[in-house]
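Contents: one structure, followed by commentary.
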Amino acid sequence: MKQRRGLVATAVALVLAVVAVLWALAAGLLGPGDPAPDDATPAAPSAHPTSAPAAPSTTPSRTTATPTAAPPTAPPTAPPTAEETPEARLAVAGDTGTGDKKIRATVDAMVDEASDQGPYDALVLLGDLVYEQGHASKVDERVTDPFAPVLDDGTELIPVLGNHDVRRGEQDEILALLGRDSSWYVEEVGPVRVVALDTTRLDEPRQTRWLEETLAADVPPGSWTVVALHHPPFSAGDHGSDLDVRRAWVPLFERFDVPLVLAGHDHDYQRSRPIEGVTYVVSGGAAKLRPAGWEDFTEVSTSTRHYLDLAVYDDRIVGRALDQSGDVLDEFTVPRR
């Protein structure tokens, strides 16, 4: 009896197991492969029973358009705008007349910048061209030779006289050797009128009359006027502001809307805030240095060997003071007034 009951129980268990398997297959819970992932969605029944179902894809669904038939998905990208080219570029340095390795290091910085940006159109030297006594016989040693790497590219030389250049009375000979027959003159560099003045002859009334006439003269539209001189009317350096220059010429700069005045004499770099619309830059640290100072008109002041790079555009002048490594000490913009 016990044996019969065991056989019956076994048979019942087998029947129940077979029924469970058949039910699972019918419900789609099991298949010939691995179980479907938890987030899988069962495929919808095919509308065409005679067609074999597509094999499941292992990559995301993607629509591929035919390049010649499909429209672009976005407007074509415009080519990048080329960097704006200045109408003129000027290098400016003051108190350069040592002829030693310090000024040559500044010249090397100019050459490096020119190799990247192209040659300068003009080189403006802000006085004290020949230290210490203004010997005309030293012009080659102190000017022509050190600056040859810049001038040999056709860069125009615009020199002004400083107090050291007149000590022996040989200033006219110095200027003649540098291609100038007067210590005050105008040089046009593209759209820029560089007005070179002689602060060692401030008491010469002819110069002031000439300056007034020059600043009042009609110029072509788009022109700029930049003044270059040696003794600064505004300076926070060792020598300080030259009050005689300030009294004599600053009213003319203001009356005729001169935007930028460049000076040397103090052996540092300074930029003033605009004073009645005029920005005053002292750039006398090309070779020698003295401690820099600060006044209420000062915007930037540093005792660092440097030169000044001016890029002239139609609507602005962009100035950068670059040290002997080519690093930017100061950058400023003078807008058209």
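Starting from 1 in every chain, residues are counted up; chains themselves are A, B, ... following the order of the structure tokens, and ligands are numbered from 1 as listed.
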* Pick out the residues sitting within 8 Å of range 83-90 of chain A, and hand them over as a list in words; count only C-alpha atoms, and ignore anything fewer than 3 positions along from it in its own chain. =>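 The neighbour list is Tyr120, Asp121, Ala122, Leu123, Val124, Val189, Gly190, Pro191, Val192, Asp309, Leu310, Ala311, Val312, Tyr313 and Asp314 of chain A.
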Would you put the residues from that selection into a file with N, CA, C and O atoms, as a PDB file, in the first residue's frame?
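Full text of part-v2.pdb as output:
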```
ATOM      1  N   TYR A 120      57.591  96.577 -38.008  1.00  0.00           N
ATOM      2  CA  TYR A 120      57.001  97.849 -37.588  1.00  0.00           C
ATOM      3  C   TYR A 120      57.119  98.858 -38.726  1.00  0.00           C
ATOM      4  O   TYR A 120      58.080  98.844 -39.491  1.00  0.00           O
ATOM      5  N   ASP A 121      56.128  99.739 -38.792  1.00  0.00           N
ATOM      6  CA  ASP A 121      56.183 100.808 -39.794  1.00  0.00           C
ATOM      7  C   ASP A 121      57.096 101.936 -39.350  1.00  0.00           C
ATOM      8  O   ASP A 121      57.682 102.628 -40.191  1.00  0.00           O
ATOM      9  N   ALA A 122      57.215 102.137 -38.050  1.00  0.00           N
ATOM     10  CA  ALA A 122      58.068 103.219 -37.542  1.00  0.00           C
ATOM     11  C   ALA A 122      58.607 102.847 -36.171  1.00  0.00           C
ATOM     12  O   ALA A 122      57.973 102.103 -35.409  1.00  0.00           O
ATOM     13  N   LEU A 123      59.781 103.384 -35.881  1.00  0.00           N
ATOM     14  CA  LEU A 123      60.406 103.265 -34.567  1.00  0.00           C
ATOM     15  C   LEU A 123      60.577 104.679 -34.018  1.00  0.00           C
ATOM     16  O   LEU A 123      61.301 105.495 -34.604  1.00  0.00           O
ATOM     17  N   VAL A 124      59.912 104.980 -32.917  1.00  0.00           N
ATOM     18  CA  VAL A 124      59.961 106.303 -32.296  1.00  0.00           C
ATOM     19  C   VAL A 124      60.887 106.224 -31.078  1.00  0.00           C
ATOM     20  O   VAL A 124      60.633 105.440 -30.152  1.00  0.00           O
ATOM     21  N   VAL A 189      52.946 108.302 -40.759  1.00  0.00           N
ATOM     22  CA  VAL A 189      53.080 106.846 -40.797  1.00  0.00           C
ATOM     23  C   VAL A 189      51.684 106.276 -41.019  1.00  0.00           C
ATOM     24  O   VAL A 189      50.893 106.153 -40.085  1.00  0.00           O
ATOM     25  N   GLY A 190      51.365 105.964 -42.270  1.00  0.00           N
ATOM     26  CA  GLY A 190      49.999 105.560 -42.569  1.00  0.00           C
ATOM     27  C   GLY A 190      49.050 106.676 -42.187  1.00  0.00           C
ATOM     28  O   GLY A 190      49.236 107.838 -42.574  1.00  0.00           O
ATOM     29  N   PRO A 191      48.036 106.384 -41.354  1.00  0.00           N
ATOM     30  CA  PRO A 191      47.085 107.421 -40.954  1.00  0.00           C
ATOM     31  C   PRO A 191      47.552 108.255 -39.772  1.00  0.00           C
ATOM     32  O   PRO A 191      46.811 109.112 -39.293  1.00  0.00           O
ATOM     33  N   VAL A 192      48.778 108.013 -39.290  1.00  0.00           N
ATOM     34  CA  VAL A 192      49.252 108.673 -38.069  1.00  0.00           C
ATOM     35  C   VAL A 192      50.186 109.830 -38.406  1.00  0.00           C
ATOM     36  O   VAL A 192      51.151 109.670 -39.159  1.00  0.00           O
ATOM     37  N   ASP A 309      54.408  99.066 -27.831  1.00  0.00           N
ATOM     38  CA  ASP A 309      53.890  98.642 -29.134  1.00  0.00           C
ATOM     39  C   ASP A 309      52.550  99.341 -29.355  1.00  0.00           C
ATOM     40  O   ASP A 309      51.640  99.206 -28.534  1.00  0.00           O
ATOM     41  N   LEU A 310      52.440 100.093 -30.455  1.00  0.00           N
ATOM     42  CA  LEU A 310      51.191 100.785 -30.786  1.00  0.00           C
ATOM     43  C   LEU A 310      50.620 100.217 -32.071  1.00  0.00           C
ATOM     44  O   LEU A 310      51.290 100.219 -33.113  1.00  0.00           O
ATOM     45  N   ALA A 311      49.399  99.729 -32.003  1.00  0.00           N
ATOM     46  CA  ALA A 311      48.673  99.252 -33.179  1.00  0.00           C
ATOM     47  C   ALA A 311      47.553 100.247 -33.467  1.00  0.00           C
ATOM     48  O   ALA A 311      46.705 100.508 -32.600  1.00  0.00           O
ATOM     49  N   VAL A 312      47.566 100.811 -34.675  1.00  0.00           N
ATOM     50  CA  VAL A 312      46.648 101.888 -35.028  1.00  0.00           C
ATOM     51  C   VAL A 312      45.555 101.348 -35.950  1.00  0.00           C
ATOM     52  O   VAL A 312      45.850 100.785 -37.015  1.00  0.00           O
ATOM     53  N   TYR A 313      44.309 101.512 -35.529  1.00  0.00           N
ATOM     54  CA  TYR A 313      43.149 101.108 -36.314  1.00  0.00           C
ATOM     55  C   TYR A 313      42.340 102.352 -36.669  1.00  0.00           C
ATOM     56  O   TYR A 313      42.645 103.454 -36.217  1.00  0.00           O
ATOM     57  N   ASP A 314      41.300 102.159 -37.436  1.00  0.00           N
ATOM     58  CA  ASP A 314      40.499 103.307 -37.846  1.00  0.00           C
ATOM     59  C   ASP A 314      39.819 103.978 -36.662  1.00  0.00           C
ATOM     60  O   ASP A 314      39.738 105.206 -36.595  1.00  0.00           O
TER      61      ASP A 314
END
```
* DSSP strand (DSSP E) selection over range 132-261 of chain A, as a ChimeraX atom specification -> /A:156-159,185-189,192-196,224-228,260-261
* **Residue nearest Trp294 in chain A among A:Tyr307, A:Trp249, A:Phe234, A:Phe256 (counting only C-alpha atoms)** =>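 For Trp294 in chain A, the nearest of the given residues is A:Phe234.
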* Which neighbours of range 283-292 of chain A fall inside 8 Å, counting only C-alpha atoms, when residues of the same chain fewer than 3 positions from it are skipped, and could you give them as a VMD selection string? -> chain A and resid 92 to 98 102 to 103 106 126 236 to 238 262 to 270 301 to 308
* Asked: Of the candidates A:Thr333, A:Ala228, A:Arg168, A:Val195, which one gets nearest to Trp210 in chain A if we count only C-alpha atoms?
  ->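 Nearest to Trp210 in chain A: A:Val195.
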* To do: Once DSSP has gone over the backbone, tell me which residues of range 227-265 of chain A are in alpha helix (DSSP H), as JSON, numbers by chain.
  => {"A": [243, 244, 245, 246, 247, 248, 249, 250, 251, 252, 253, 254, 255]}
* **Atomic separation - CA of Leu161 in chain A relative to CA of Arg180 in chain A, Å** => 11.1 Å
* Quick one: of A:Glu156, A:Glu173, A:Asp116, A:Asp296, who's nearest to Ser137 in chain A, counting only C-alpha atoms? -> A:Glu173
* Smallest atom-to-atom distance to Leu229 in chain A: which of A:Glu213, A:Glu295, A:Asp128, A:Glu141, using only C-alpha atoms? ->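 So, comparing all the options, the nearest one is A:Asp128.
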* Structure fact -> Among A:Lys138, A:Arg247, A:Ser272, A:Trp224, Glu187 in chain A is approached most closely, using only C-alpha atoms, by A:Trp224
